[in-house]
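Colleague: Contents are PDB, C-alpha atoms; file name start14.pdb:
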ATOM      1  CA  MET A 696     -66.135 108.609 -95.101
ATOM      2  CA  GLY A 697     -68.253 110.336 -97.673
ATOM      3  CA  LYS A 698     -71.332 112.468 -97.359
ATOM      4  CA  ASN A 699     -73.444 111.827 -94.272
ATOM      5  CA  LEU A 700     -76.961 113.224 -94.390
ATOM      6  CA  ARG A 701     -77.984 113.605 -90.757
ATOM      7  CA  ASP A 702     -81.685 113.434 -91.472
ATOM      8  CA  HIS A 703     -84.018 112.262 -88.723
ATOM      9  CA  GLY A 704     -87.643 111.814 -87.847
ATOM     10  CA  GLY A 705     -89.425 114.586 -86.036
ATOM     11  CA  GLY A 706     -89.251 118.161 -87.290
ATOM     12  CA  ILE A 707     -92.916 118.943 -86.761
ATOM     13  CA  ASP A 708     -92.189 122.672 -86.517
ATOM     14  CA  GLU A 709     -90.759 122.681 -90.045
ATOM     15  CA  ALA A 710     -93.615 120.527 -91.338
ATOM     16  CA  ALA A 711     -96.161 122.932 -89.869
ATOM     17  CA  GLU A 712     -94.423 125.880 -91.504
ATOM     18  CA  LYS A 713     -94.725 124.184 -94.898
ATOM     19  CA  PHE A 714     -98.144 122.554 -94.644
ATOM     20  CA  GLY A 715     -99.859 124.754 -92.077
ATOM     21  CA  GLY A 716    -101.561 124.068 -88.792
ATOM     22  CA  LEU A 717    -100.418 124.429 -85.220
ATOM     23  CA  ARG A 718     -97.866 122.010 -83.855
ATOM     24  CA  SER A 719    -100.497 120.650 -81.472
ATOM     25  CA  GLN A 720    -102.711 119.738 -84.432
ATOM     26  CA  TRP A 721    -100.152 117.380 -85.977
ATOM     27  CA  VAL A 722     -99.835 113.623 -85.620
ATOM     28  CA  ASP A 723     -96.149 112.725 -85.600
ATOM     29  CA  LEU A 724     -95.611 109.256 -87.065
ATOM     30  CA  SER A 725     -92.094 110.038 -88.244
ATOM     31  CA  THR A 726     -90.357 108.491 -85.225
ATOM     32  CA  GLY A 727     -90.262 105.061 -83.609
ATOM     33  CA  ILE A 728     -91.367 106.193 -80.161
ATOM     34  CA  ASN A 729     -94.040 104.286 -78.260
ATOM     35  CA  PRO A 730     -97.162 106.508 -78.477
ATOM     36  CA  ILE A 731     -98.390 105.379 -75.038
ATOM     37  CA  ALA A 732     -95.652 106.435 -72.659
ATOM     38  CA  TYR A 733     -94.917 104.979 -69.264
ATOM     39  CA  LYS A 734     -96.628 107.045 -66.564
ATOM     40  CA  LEU A 735     -94.204 109.338 -64.801
ATOM     41  CA  GLY A 736     -95.687 109.032 -61.332
ATOM     42  CA  THR A 737     -94.287 111.166 -58.543
ATOM     43  CA  PHE A 738     -90.757 112.187 -57.641
ATOM     44  CA  THR A 739     -89.043 112.981 -54.384
ATOM     45  CA  ASP A 740     -88.239 116.661 -53.913
ATOM     46  CA  ASP A 741     -84.517 116.059 -54.007
ATOM     47  CA  ALA A 742     -84.813 114.619 -57.511
ATOM     48  CA  TRP A 743     -85.114 118.244 -58.613
ATOM     49  CA  THR A 744     -83.104 120.086 -55.969
ATOM     50  CA  ALA A 745     -80.053 117.907 -55.258
ATOM     51  CA  LEU A 746     -77.212 116.626 -57.380
ATOM     52  CA  PRO A 747     -77.915 112.994 -58.350
ATOM     53  CA  ASP A 748     -76.425 110.684 -55.734
ATOM     54  CA  ARG A 749     -74.940 107.224 -55.909
ATOM     55  CA  VAL A 750     -77.935 105.587 -54.250
ATOM     56  CA  ALA A 751     -80.317 106.757 -56.992
ATOM     57  CA  THR A 752     -77.835 105.827 -59.689
ATOM     58  CA  SER A 753     -77.289 102.377 -58.205
ATOM     59  CA  ALA A 754     -81.040 101.777 -58.028
ATOM     60  CA  LEU A 755     -81.347 102.574 -61.734
ATOM     61  CA  LEU A 756     -78.386 100.424 -62.748
ATOM     62  CA  ASP A 757     -79.565  97.489 -60.631
ATOM     63  CA  ALA A 758     -82.986  97.624 -62.304
ATOM     64  CA  ALA A 759     -81.343  97.859 -65.725
ATOM     65  CA  ARG A 760     -79.099  94.870 -65.043
ATOM     66  CA  GLN A 761     -82.081  92.749 -64.081
ATOM     67  CA  PHE A 762     -84.347  93.931 -66.911
ATOM     68  CA  TRP A 763     -81.786  93.325 -69.666
ATOM     69  CA  LYS A 764     -80.142  90.298 -68.030
ATOM     70  CA  VAL A 765     -76.739  91.944 -68.229
ATOM     71  CA  PRO A 766     -74.068  89.232 -68.049
ATOM     72  CA  LYS A 767     -71.679  89.033 -65.132
ATOM     73  CA  GLY A 768     -68.469  90.895 -65.851
ATOM     74  CA  ALA A 769     -70.084  93.529 -68.076
ATOM     75  CA  ALA A 770     -70.108  97.118 -66.827
ATOM     76  CA  ILE A 771     -73.110  99.413 -67.210
ATOM     77  CA  LEU A 772     -73.333 103.187 -67.467
ATOM     78  CA  ALA A 773     -76.417 105.414 -67.543
ATOM     79  CA  THR A 774     -76.091 108.165 -70.130
ATOM     80  CA  PRO A 775     -78.080 111.230 -71.255
ATOM     81  CA  GLY A 776     -79.639 109.318 -74.140
ATOM     82  CA  ALA A 777     -78.027 106.755 -76.426
ATOM     83  CA  SER A 778     -76.922 109.593 -78.710
ATOM     84  CA  ALA A 779     -74.353 110.746 -76.139
ATOM     85  CA  SER A 780     -72.568 107.402 -76.323
ATOM     86  CA  ILE A 781     -72.835 107.298 -80.112
ATOM     87  CA  ALA A 782     -71.056 110.641 -80.339
ATOM     88  CA  MET A 783     -68.217 109.581 -78.027
ATOM     89  CA  ILE A 784     -67.575 105.958 -79.029
ATOM     90  CA  PRO A 785     -65.329 106.774 -82.027
ATOM     91  CA  ARG A 786     -62.920 108.422 -79.579
ATOM     92  CA  LEU A 787     -62.459 105.237 -77.574
ATOM     93  CA  ARG A 788     -59.844 103.985 -80.023
ATOM     94  CA  PRO A 789     -57.299 105.551 -82.412
ATOM     95  CA  THR A 790     -58.674 106.634 -85.772
ATOM     96  CA  ALA A 791     -58.850 103.777 -88.269
ATOM     97  CA  THR A 792     -61.545 102.133 -90.413
ATOM     98  CA  VAL A 793     -65.093 101.281 -89.378
ATOM     99  CA  HIS A 794     -67.756  99.083 -90.924
ATOM    100  CA  ILE A 795     -71.372 100.152 -90.390
ATOM    101  CA  ALA A 796     -74.095  97.863 -91.694
ATOM    102  CA  THR A 797     -76.182 100.160 -93.901
ATOM    103  CA  PRO A 798     -78.665 101.582 -94.540
ATOM    104  CA  THR A 799     -79.162 102.434 -90.895
ATOM    105  CA  TYR A 800     -79.433 105.187 -88.296
ATOM    106  CA  ASN A 801     -77.058 107.783 -89.684
ATOM    107  CA  GLU A 802     -75.648 109.236 -86.449
ATOM    108  CA  HIS A 803     -73.160 106.362 -86.200
ATOM    109  CA  ALA A 804     -71.557 107.228 -89.534
ATOM    110  CA  ALA A 805     -71.668 110.931 -88.713
ATOM    111  CA  ALA A 806     -69.954 110.401 -85.354
ATOM    112  CA  PHE A 807     -67.157 108.254 -86.813
ATOM    113  CA  ALA A 808     -66.673 110.707 -89.673
ATOM    114  CA  ALA A 809     -66.432 113.628 -87.240
ATOM    115  CA  ALA A 810     -63.695 111.749 -85.360
ATOM    116  CA  GLY A 811     -61.721 111.196 -88.572
ATOM    117  CA  TRP A 812     -62.480 107.519 -89.218
ATOM    118  CA  ASN A 813     -62.850 106.065 -92.709
ATOM    119  CA  GLN A 814     -65.662 103.709 -93.583
ATOM    120  CA  THR A 815     -65.050 100.314 -95.199
ATOM    121  CA  ASP A 816     -67.452  97.876 -96.830
ATOM    122  CA  THR A 817     -65.600  94.873 -95.392
ATOM    123  CA  PRO A 818     -66.232  94.163 -91.706
ATOM    124  CA  GLN A 819     -63.401  91.628 -91.549
ATOM    125  CA  LYS A 820     -60.915  94.392 -92.431
ATOM    126  CA  ALA A 821     -62.336  97.054 -90.097
ATOM    127  CA  ALA A 822     -60.939  98.153 -86.744
ATOM    128  CA  ALA A 823     -64.469  98.870 -85.517
ATOM    129  CA  GLN A 824     -67.917  97.615 -86.442
ATOM    130  CA  VAL A 825     -71.409  98.946 -85.788
ATOM    131  CA  ILE A 826     -74.663  97.027 -86.094
ATOM    132  CA  VAL A 827     -78.081  98.413 -85.226
ATOM    133  CA  HIS A 828     -80.093  95.447 -83.962
ATOM    134  CA  PRO A 829     -82.916  95.396 -84.924
ATOM    135  CA  ASN A 830     -81.966  97.756 -87.699
ATOM    136  CA  ASN A 831     -83.570 101.108 -88.342
ATOM    137  CA  PRO A 832     -85.389 101.378 -90.750
ATOM    138  CA  ASP A 833     -85.757  97.842 -92.140
ATOM    139  CA  GLY A 834     -85.831  95.838 -88.881
ATOM    140  CA  ARG A 835     -82.976  93.529 -89.889
ATOM    141  CA  ILE A 836     -81.958  91.105 -87.127
ATOM    142  CA  PHE A 837     -78.287  90.280 -86.635
ATOM    143  CA  ASP A 838     -76.475  87.391 -84.988
ATOM    144  CA  ALA A 839     -73.249  87.273 -82.977
ATOM    145  CA  SER A 840     -71.614  85.616 -85.992
ATOM    146  CA  ASP A 841     -72.072  88.910 -87.883
ATOM    147  CA  LEU A 842     -69.525  90.590 -85.597
ATOM    148  CA  HIS A 843     -65.937  90.502 -86.841
ATOM    149  CA  ALA A 844     -64.042  93.688 -85.955
ATOM    150  CA  PRO A 845     -61.876  94.174 -82.846
ATOM    151  CA  LEU A 846     -64.173  96.964 -81.548
ATOM    152  CA  ARG A 847     -67.843  95.922 -81.691
ATOM    153  CA  ILE A 848     -70.743  98.343 -81.182
ATOM    154  CA  ILE A 849     -74.231  96.850 -80.935
ATOM    155  CA  ASP A 850     -76.998  99.464 -80.948
ATOM    156  CA  GLU A 851     -80.091  97.869 -79.412
ATOM    157  CA  SER A 852     -82.187 101.020 -79.208
ATOM    158  CA  PHE A 853     -85.220  99.113 -80.535
ATOM    159  CA  ALA A 854     -84.470  95.653 -79.122
ATOM    160  CA  ASP A 855     -86.862  95.896 -76.168
ATOM    161  CA  VAL A 856     -89.720  94.794 -78.412
ATOM    162  CA  ILE A 857     -87.904  91.494 -79.099
ATOM    163  CA  PRO A 858     -85.977  90.736 -75.886
ATOM    164  CA  ASN A 859     -85.344  87.102 -76.817
ATOM    165  CA  ALA A 860     -83.338  88.258 -79.838
ATOM    166  CA  SER A 861     -81.103  90.594 -77.845
ATOM    167  CA  LEU A 862     -77.338  90.210 -78.182
ATOM    168  CA  ILE A 863     -76.786  91.395 -74.608
ATOM    169  CA  ALA A 864     -74.736  88.251 -73.892
ATOM    170  CA  GLU A 865     -72.048  89.766 -76.144
ATOM    171  CA  ALA A 866     -71.583  92.552 -73.582
ATOM    172  CA  ALA A 867     -69.292  90.180 -71.679
ATOM    173  CA  THR A 868     -66.952  89.928 -74.679
ATOM    174  CA  PRO A 869     -63.898  92.228 -74.590
ATOM    175  CA  ASN A 870     -64.009  95.370 -76.752
ATOM    176  CA  THR A 871     -67.807  95.257 -77.005
ATOM    177  CA  VAL A 872     -70.377  97.947 -76.164
ATOM    178  CA  VAL A 873     -74.138  97.385 -76.285
ATOM    179  CA  LEU A 874     -76.278 100.530 -76.398
ATOM    180  CA  LYS A 875     -79.791 100.775 -75.002
ATOM    181  CA  SER A 876     -82.286 103.597 -75.472
ATOM    182  CA  PHE A 877     -84.896 104.192 -72.793
ATOM    183  CA  GLY A 878     -86.948 106.777 -74.674
ATOM    184  CA  LYS A 879     -88.287 104.592 -77.485
ATOM    185  CA  PHE A 880     -89.893 101.563 -75.838
ATOM    186  CA  TRP A 881     -91.056 103.499 -72.768
ATOM    187  CA  GLY A 882     -92.149 106.457 -74.910
ATOM    188  CA  LEU A 883     -90.180 109.035 -72.926
ATOM    189  CA  ALA A 884     -87.692 110.375 -75.454
ATOM    190  CA  GLY A 885     -87.641 113.763 -73.732
ATOM    191  CA  LEU A 886     -86.231 112.170 -70.589
ATOM    192  CA  ARG A 887     -82.903 111.691 -72.425
ATOM    193  CA  LEU A 888     -81.874 108.419 -70.833
ATOM    194  CA  GLY A 889     -79.745 105.691 -72.339
ATOM    195  CA  PHE A 890     -77.274 103.001 -71.317
ATOM    196  CA  ALA A 891     -73.880 101.745 -72.445
ATOM    197  CA  ILE A 892     -73.167  98.146 -71.412
ATOM    198  CA  GLY A 893     -70.039  96.136 -72.024
ATOM    199  CA  ASP A 894     -66.275  95.957 -71.625
ATOM    200  CA  PRO A 895     -65.432  97.649 -68.278
ATOM    201  CA  GLU A 896     -62.435  99.441 -69.789
ATOM    202  CA  LEU A 897     -64.549 100.997 -72.542
ATOM    203  CA  ILE A 898     -67.414 101.836 -70.193
ATOM    204  CA  ASN A 899     -64.995 103.525 -67.793
ATOM    205  CA  GLN A 900     -63.641 105.589 -70.684
ATOM    206  CA  LEU A 901     -67.163 106.694 -71.586
ATOM    207  CA  ALA A 902     -67.861 107.556 -67.951
ATOM    208  CA  THR A 903     -64.757 109.754 -67.829
ATOM    209  CA  MET A 904     -65.808 111.515 -71.028
ATOM    210  CA  LEU A 905     -69.290 112.180 -69.664
ATOM    211  CA  GLY A 906     -68.096 113.518 -66.352
ATOM    212  CA  PRO A 907     -70.056 113.555 -63.078
ATOM    213  CA  TRP A 908     -73.873 113.550 -62.902
ATOM    214  CA  PRO A 909     -74.578 112.692 -66.557
ATOM    215  CA  VAL A 910     -78.209 111.739 -65.834
ATOM    216  CA  ALA A 911     -80.701 114.048 -64.123
ATOM    217  CA  GLY A 912     -82.349 113.089 -60.839
ATOM    218  CA  PRO A 913     -85.875 112.716 -62.250
ATOM    219  CA  ALA A 914     -84.546 110.468 -65.028
ATOM    220  CA  LEU A 915     -82.834 108.244 -62.453
ATOM    221  CA  GLN A 916     -86.076 107.773 -60.536
ATOM    222  CA  ILE A 917     -88.458 107.214 -63.448
ATOM    223  CA  GLY A 918     -85.933 104.945 -65.144
ATOM    224  CA  ALA A 919     -85.546 102.729 -62.073
ATOM    225  CA  ARG A 920     -89.315 102.533 -61.644
ATOM    226  CA  ALA A 921     -90.020 101.712 -65.294
ATOM    227  CA  LEU A 922     -87.272  99.118 -65.649
ATOM    228  CA  SER A 923     -88.641  97.326 -62.599
ATOM    229  CA  ASP A 924     -92.160  97.193 -64.052
ATOM    230  CA  HIS A 925     -91.905  93.964 -66.048
ATOM    231  CA  ASP A 926     -95.698  93.556 -66.293
ATOM    232  CA  TRP A 927     -95.981  96.887 -68.098
ATOM    233  CA  ALA A 928     -93.266  95.805 -70.532
ATOM    234  CA  ASP A 929     -95.008  92.507 -71.302
ATOM    235  CA  GLN A 930     -98.382  94.172 -71.835
ATOM    236  CA  THR A 931     -96.809  96.858 -74.013
ATOM    237  CA  ARG A 932     -95.192  94.295 -76.310
ATOM    238  CA  GLU A 933     -98.576  92.638 -76.827
ATOM    239  CA  ARG A 934    -100.273  95.947 -77.597
ATOM    240  CA  LEU A 935     -97.531  96.993 -80.027
ATOM    241  CA  LEU A 936     -97.888  93.707 -81.887
ATOM    242  CA  THR A 937    -101.641  94.214 -82.224
ATOM    243  CA  ASP A 938    -101.185  97.785 -83.425
ATOM    244  CA  THR A 939     -98.543  96.701 -85.923
ATOM    245  CA  THR A 940    -101.002  94.275 -87.512
ATOM    246  CA  ARG A 941    -103.570  97.051 -87.695
ATOM    247  CA  ILE A 942    -101.322  99.630 -89.347
ATOM    248  CA  ASP A 943     -99.937  97.090 -91.838
ATOM    249  CA  SER A 944    -103.489  96.268 -92.858
ATOM    250  CA  LEU A 945    -104.343  99.942 -93.318
ATOM    251  CA  LEU A 946    -101.293 100.670 -95.448
ATOM    252  CA  THR A 947    -101.664  97.510 -97.514
ATOM    253  CA  ASN A 948    -105.246  98.426 -98.343
ATOM    254  CA  ALA A 949    -104.023 101.883 -99.345
ATOM    255  CA  GLY A 950    -101.520 100.432-101.806
ATOM    256  CA  ALA A 951     -98.310 100.265 -99.764
ATOM    257  CA  LYS A 952     -96.240  97.120 -99.333
ATOM    258  CA  PRO A 953     -94.911  96.280 -95.833
ATOM    259  CA  ILE A 954     -91.231  95.346 -96.174
ATOM    260  CA  GLY A 955     -89.828  95.536 -92.660
ATOM    261  CA  GLY A 956     -89.488  97.400 -89.412
ATOM    262  CA  THR A 957     -90.287  96.569 -85.799
ATOM    263  CA  THR A 958     -93.405  96.895 -83.683
ATOM    264  CA  LEU A 959     -92.388 100.499 -82.960
ATOM    265  CA  PHE A 960     -92.077 101.551 -86.607
ATOM    266  CA  ARG A 961     -93.037 100.064 -89.963
ATOM    267  CA  LEU A 962     -91.279 100.355 -93.319
ATOM    268  CA  TYR A 963     -93.302 100.361 -96.534
ATOM    269  CA  GLU A 964     -92.480 100.360-100.210
ATOM    270  CA  VAL A 965     -94.590 102.812-102.213
ATOM    271  CA  ASP A 966     -94.510 104.225-105.730
ATOM    272  CA  ASP A 967     -93.277 107.666-104.628
ATOM    273  CA  ALA A 968     -92.480 108.210-100.950
ATOM    274  CA  ALA A 969     -92.306 112.008-101.247
ATOM    275  CA  LYS A 970     -95.817 112.133-102.692
ATOM    276  CA  TRP A 971     -97.089 109.873 -99.919
ATOM    277  CA  GLN A 972     -95.460 112.100 -97.324
ATOM    278  CA  ASP A 973     -97.047 115.203 -98.856
ATOM    279  CA  ARG A 974    -100.425 113.480 -99.027
ATOM    280  CA  LEU A 975    -100.337 112.633 -95.344
ATOM    281  CA  ALA A 976     -98.871 116.011 -94.439
ATOM    282  CA  SER A 977    -101.810 117.760 -96.099
ATOM    283  CA  ARG A 978    -103.852 116.106 -93.349
ATOM    284  CA  HIS A 979    -101.274 117.115 -90.738
ATOM    285  CA  ILE A 980     -99.763 113.650 -90.347
ATOM    286  CA  TRP A 981     -95.967 113.544 -90.520
ATOM    287  CA  SER A 982     -94.106 110.512 -91.854
ATOM    288  CA  ARG A 983     -90.487 109.588 -92.564
ATOM    289  CA  VAL A 984     -88.842 109.368 -95.978
ATOM    290  CA  PHE A 985     -85.211 108.622 -96.807
ATOM    291  CA  PRO A 986     -82.740 110.423 -99.076
ATOM    292  CA  TYR A 987     -81.227 107.136-100.259
ATOM    293  CA  ASN A 988     -84.459 105.412-101.337
ATOM    294  CA  SER A 989     -87.311 107.293-102.997
ATOM    295  CA  ARG A 990     -89.736 104.383-102.494
ATOM    296  CA  TRP A 991     -89.352 103.881 -98.729
ATOM    297  CA  LEU A 992     -91.888 105.328 -96.333
ATOM    298  CA  ARG A 993     -91.650 104.742 -92.577
ATOM    299  CA  LEU A 994     -94.470 105.208 -90.101
ATOM    300  CA  GLY A 995     -94.566 104.957 -86.350
ATOM    301  CA  LEU A 996     -97.697 103.816 -84.545
ATOM    302  CA  PRO A 997    -100.553 106.230 -83.828
ATOM    303  CA  ALA A 998    -101.804 106.878 -80.315
ATOM    304  CA  PRO A 999    -105.290 105.457 -79.580
ATOM    305  CA  ASP A1000    -107.031 108.740 -80.430
ATOM    306  CA  GLN A1001    -105.086 109.182 -83.687
ATOM    307  CA  TRP A1002    -106.075 106.088 -85.650
ATOM    308  CA  SER A1003    -109.131 107.679 -87.197
ATOM    309  CA  ARG A1004    -106.985 110.539 -88.516
ATOM    310  CA  LEU A1005    -104.711 108.081 -90.292
ATOM    311  CA  GLU A1006    -107.620 106.011 -91.613
ATOM    312  CA  LYS A1007    -109.266 109.115 -93.130
ATOM    313  CA  ALA A1008    -105.994 110.315 -94.650
ATOM    314  CA  LEU A1009    -105.472 106.975 -96.365
ATOM    315  CA  ALA A1010    -109.042 106.588 -97.589
TER     316      ALA A1010
END
How does this structure look as structure tokens?

Modeller:
Amino acid sequence: MGKNLRDHGGGIDEAAEKFGGLRSQWVDLSTGINPIAYKLGTFTDDAWTALPDRVATSALLDAARQFWKVPKGAAILATPGASASIAMIPRLRPTATVHIATPTYNEHAAAFAAAGWNQTDTPQKAAAQVIVHPNNPDGRIFDASDLHAPLRIIDESFADVIPNASLIAEAATPNTVVLKSFGKFWGLAGLRLGFAIGDPELINQLATMLGPWPVAGPALQIGARALSDHDWADQTRERLLTDTTRIDSLLTNAGAKPIGGTTLFRLYEVDDAAKWQDRLASRHIWSRVFPYNSRWLRLGLPAPDQWSRLEKALA
């Protein structure tokens, strides 16, 4: 499948080693995680002391079905982050060829390569197909007509900012899996909660691979609470849109060109992305660059108390 560089956002510890400062002094804009996380609230004692039970799991899955409007006939599985499903999906079918719309989140290619699959540039000739919708890092939006392969994987880790564009209806189509990530939109990446939705046969296979109790008790409770809070979701989408306009204006004035992204992360074209990253890092602000394009710079959104740091660094 070729060389797969498993580079990611984050890595503040390494950035601090190179550019100085304590980890707590850094502003991490290298990821696409909502900077204002959903409030955890309280948990029952047994969330920490007992093995997760079916009642708590059912409450989470019921809330997820309603929030994402999961079609009748599609199965749903809570997972320890979307990455767990990504790693296992290539083992759902015999090794063959896969088409992955690139450039995109590189764990899909890495997972298929690790399972022995070969990558093809022609989706119509592939046994499996992966689309990240909206795409990371350019925000590309796909349509159901873009899906051609027998096994269809739709990664909607960032789709909660544009729910009307979701392809969740495809989850009722045989040989289809839609992935959802809880950590990004709700800002709780450390909770490690994700969902696989789709063909019951495939979802049952994933459940067997994961084994019992794949999601921790606290994650079950906070996930059910957050997915039931539709007002918070609506207000968050409005705030993210406002903040996206603000950061695009800042970067445009600094000489960058907005070329894509979502309201959780923005992609800019600059003269030299590595120099821009170093410039921001000298002010302890971490950004995302890409090994396949030296002019692409990606930034997440600052928290409310971090905007002035970014404004000063760009001045």

Colleague: Apply the PyMOL selection byres ((chain A and resi 730-737) around 8) to the displayed file and report the matching residues as a PyMOL selection string.

Modeller: chain A and resi 728-729+738-739+881-883+917+921+996-998

Colleague: Which neighbours of Ile863 (chain A) fall inside 7 Å, counting all atoms listed in the file, when residues of the same chain fewer than 2 positions from it are skipped, and could you give them as an mmCIF file with C-alpha atoms, in the frame of the given file?

Modeller:
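What follows is the written file part-v3.cif:
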data_model
loop_
_atom_site.group_PDB
_atom_site.id
_atom_site.type_symbol
_atom_site.label_atom_id
_atom_site.label_comp_id
_atom_site.auth_asym_id
_atom_site.auth_seq_id
_atom_site.Cartn_x
_atom_site.Cartn_y
_atom_site.Cartn_z
ATOM 1 C CA VAL A 765 -76.739 91.944 -68.229
ATOM 2 C CA SER A 861 -81.103 90.594 -77.845
ATOM 3 C CA GLU A 865 -72.048 89.766 -76.144
ATOM 4 C CA ALA A 866 -71.583 92.552 -73.582
ATOM 5 C CA VAL A 873 -74.138 97.385 -76.285
#

Colleague: Which of these residues is nearest to Asp967 (chain A), using only C-alpha atoms: A:Phe877, A:Trp991, A:Phe807, A:Trp721?

Modeller: A:Trp991

Colleague: Which is closest to Arg786 (chain A) among A:Thr752, A:Ser977, A:Thr903, A:Asn948, if we use all atoms listed in the file?

Modeller: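 The shortest atom-to-atom distance to Arg786 (chain A) comes from A:Thr903.
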
Colleague: I need the output of the PyMOL selection byres ((chain A and resi 849) around 10) for this file as a ChimeraX atom specification; which residues are they?

Modeller: /A:824-829,837,839,842,847-848,850-852,861-863,865-866,871-875,891-893

Colleague: Return as a ChimeraX atom specification the set of residues that the PyMOL selection byres ((chain A and resi 928) around 12) yields on the displayed structure.

Modeller: /A:729,731-733,762-763,855-858,880-882,920-927,929-935

Colleague: Using only C-alpha atoms, which residue out of A:Gly950, A:Gly912, A:Pro798, A:Pro747 lies closest to Pro832 (chain A)?

Modeller: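 The shortest atom-to-atom distance to Pro832 (chain A) comes from A:Pro798.
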
Colleague: Please identify all polymer residues within 9 Å of region 711-719 of chain A, counting only C-alpha atoms, omitting same-chain residues fewer than 6 positions from it, and present them as a list in words.

Modeller: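 In the requested format, the answer is Asp973, Ala976, Ser977, Arg978 and His979 of chain A.
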
Colleague: Report, in Å to a single decimal, how far apart CA of Ile781 (chain A) and CA of Gln761 (chain A) are.

Modeller: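 Interatomic distance here is 23.5 Å.
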
Colleague: Of the candidates A:Leu746, A:His803, A:Leu946, A:Trp971, which one gets nearest to Pro913 (chain A) if we count all atoms listed in the file?

Modeller: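 Selected residue with least distance to Pro913 (chain A): A:Leu746.
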
Colleague: Just give me the gap between CA of Ala777 (chain A) and CA of Gln819 (chain A) in Å, one decimal is fine.

Modeller: 25.9 Å

Colleague: Which residue is closest to Ala810 (chain A)? Choose from A:Leu901, A:Leu787, A:Ser753, A:Lys952 and count only C-alpha atoms.

Modeller: A:Leu787

Colleague: Just how far from CA of Ile836 (chain A) is CA of Arg887 (chain A), in Å to one decimal?

Modeller: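 Straight-line distance from CA of Arg887 (chain A) to CA of Ile836 (chain A) works out to 25.3 Å.
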
Colleague: Using all atoms listed in the file, which of the listed residues (A:Leu905, A:Ala759, A:Leu724, A:Ala805) sits closest to Gly706 (chain A)?

Modeller: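 Using all atoms listed in the file, the shortest distance to Gly706 (chain A) belongs to A:Leu724.
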
Colleague: Residues near Ala821 (chain A), anyone? I mean within 9 Å using only C-alpha atoms, not counting same-chain ones fewer than 6 positions away, as JSON, numbers by chain.

Modeller: {"A": [791, 792, 793, 794, 814, 815, 843, 844, 845, 846]}

Colleague: Using only C-alpha atoms, which protein or nucleic acid residues come within 12 Å of Asp748 (chain A)? Drop anything in the same chain fewer than 4 positions from it, and give the result as a ChimeraX atom specification.

Modeller: /A:741-744,752-755,907-913,915-916

Colleague: Just the residues within 6 Å of region 960-966 of chain A, please, counting all atoms listed in the file, with nothing from its chain fewer than 3 positions along; format it as a PyMOL selection string.

Modeller: chain A and resi 727+951-957+990-995

Colleague: Around all the atoms of region 825-833 of chain A listed in the file, draw an axis-aligned box and extend it by 5 Å on each of the six sides; I want its centre and edge lengths in Å to one decimal, as lines of an AutoDock Vina configuration file.

Modeller:
center_x = -78.6
center_y = 98.4
center_z = -88.1
size_x = 24.3
size_y = 16.0
size_z = 18.2

Colleague: If I put a ball of radius 12 Å at (-83.7, 106.0, -95.5) in the file's coordinates, which residues poke into it when counting all atoms listed in the file, written as an mmCIF file with C-alpha atoms, keeping the file's coordinate frame?

Modeller:
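Below is the file that was written, selection.cif:
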data_model
loop_
_atom_site.group_PDB
_atom_site.id
_atom_site.type_symbol
_atom_site.label_atom_id
_atom_site.label_comp_id
_atom_site.auth_asym_id
_atom_site.auth_seq_id
_atom_site.Cartn_x
_atom_site.Cartn_y
_atom_site.Cartn_z
ATOM 1 C CA ASN A 699 -73.444 111.827 -94.272
ATOM 2 C CA LEU A 700 -76.961 113.224 -94.390
ATOM 3 C CA ARG A 701 -77.984 113.605 -90.757
ATOM 4 C CA ASP A 702 -81.685 113.434 -91.472
ATOM 5 C CA HIS A 703 -84.018 112.262 -88.723
ATOM 6 C CA GLY A 704 -87.643 111.814 -87.847
ATOM 7 C CA SER A 725 -92.094 110.038 -88.244
ATOM 8 C CA THR A 797 -76.182 100.160 -93.901
ATOM 9 C CA PRO A 798 -78.665 101.582 -94.540
ATOM 10 C CA THR A 799 -79.162 102.434 -90.895
ATOM 11 C CA TYR A 800 -79.433 105.187 -88.296
ATOM 12 C CA ASN A 801 -77.058 107.783 -89.684
ATOM 13 C CA ASN A 830 -81.966 97.756 -87.699
ATOM 14 C CA ASN A 831 -83.570 101.108 -88.342
ATOM 15 C CA PRO A 832 -85.389 101.378 -90.750
ATOM 16 C CA ASP A 833 -85.757 97.842 -92.140
ATOM 17 C CA LEU A 962 -91.279 100.355 -93.319
ATOM 18 C CA TYR A 963 -93.302 100.361 -96.534
ATOM 19 C CA GLU A 964 -92.480 100.360 -100.210
ATOM 20 C CA ALA A 968 -92.480 108.210 -100.950
ATOM 21 C CA ALA A 969 -92.306 112.008 -101.247
ATOM 22 C CA SER A 982 -94.106 110.512 -91.854
ATOM 23 C CA ARG A 983 -90.487 109.588 -92.564
ATOM 24 C CA VAL A 984 -88.842 109.368 -95.978
ATOM 25 C CA PHE A 985 -85.211 108.622 -96.807
ATOM 26 C CA PRO A 986 -82.740 110.423 -99.076
ATOM 27 C CA TYR A 987 -81.227 107.136 -100.259
ATOM 28 C CA ASN A 988 -84.459 105.412 -101.337
ATOM 29 C CA SER A 989 -87.311 107.293 -102.997
ATOM 30 C CA ARG A 990 -89.736 104.383 -102.494
ATOM 31 C CA TRP A 991 -89.352 103.881 -98.729
ATOM 32 C CA LEU A 992 -91.888 105.328 -96.333
ATOM 33 C CA ARG A 993 -91.650 104.742 -92.577
#
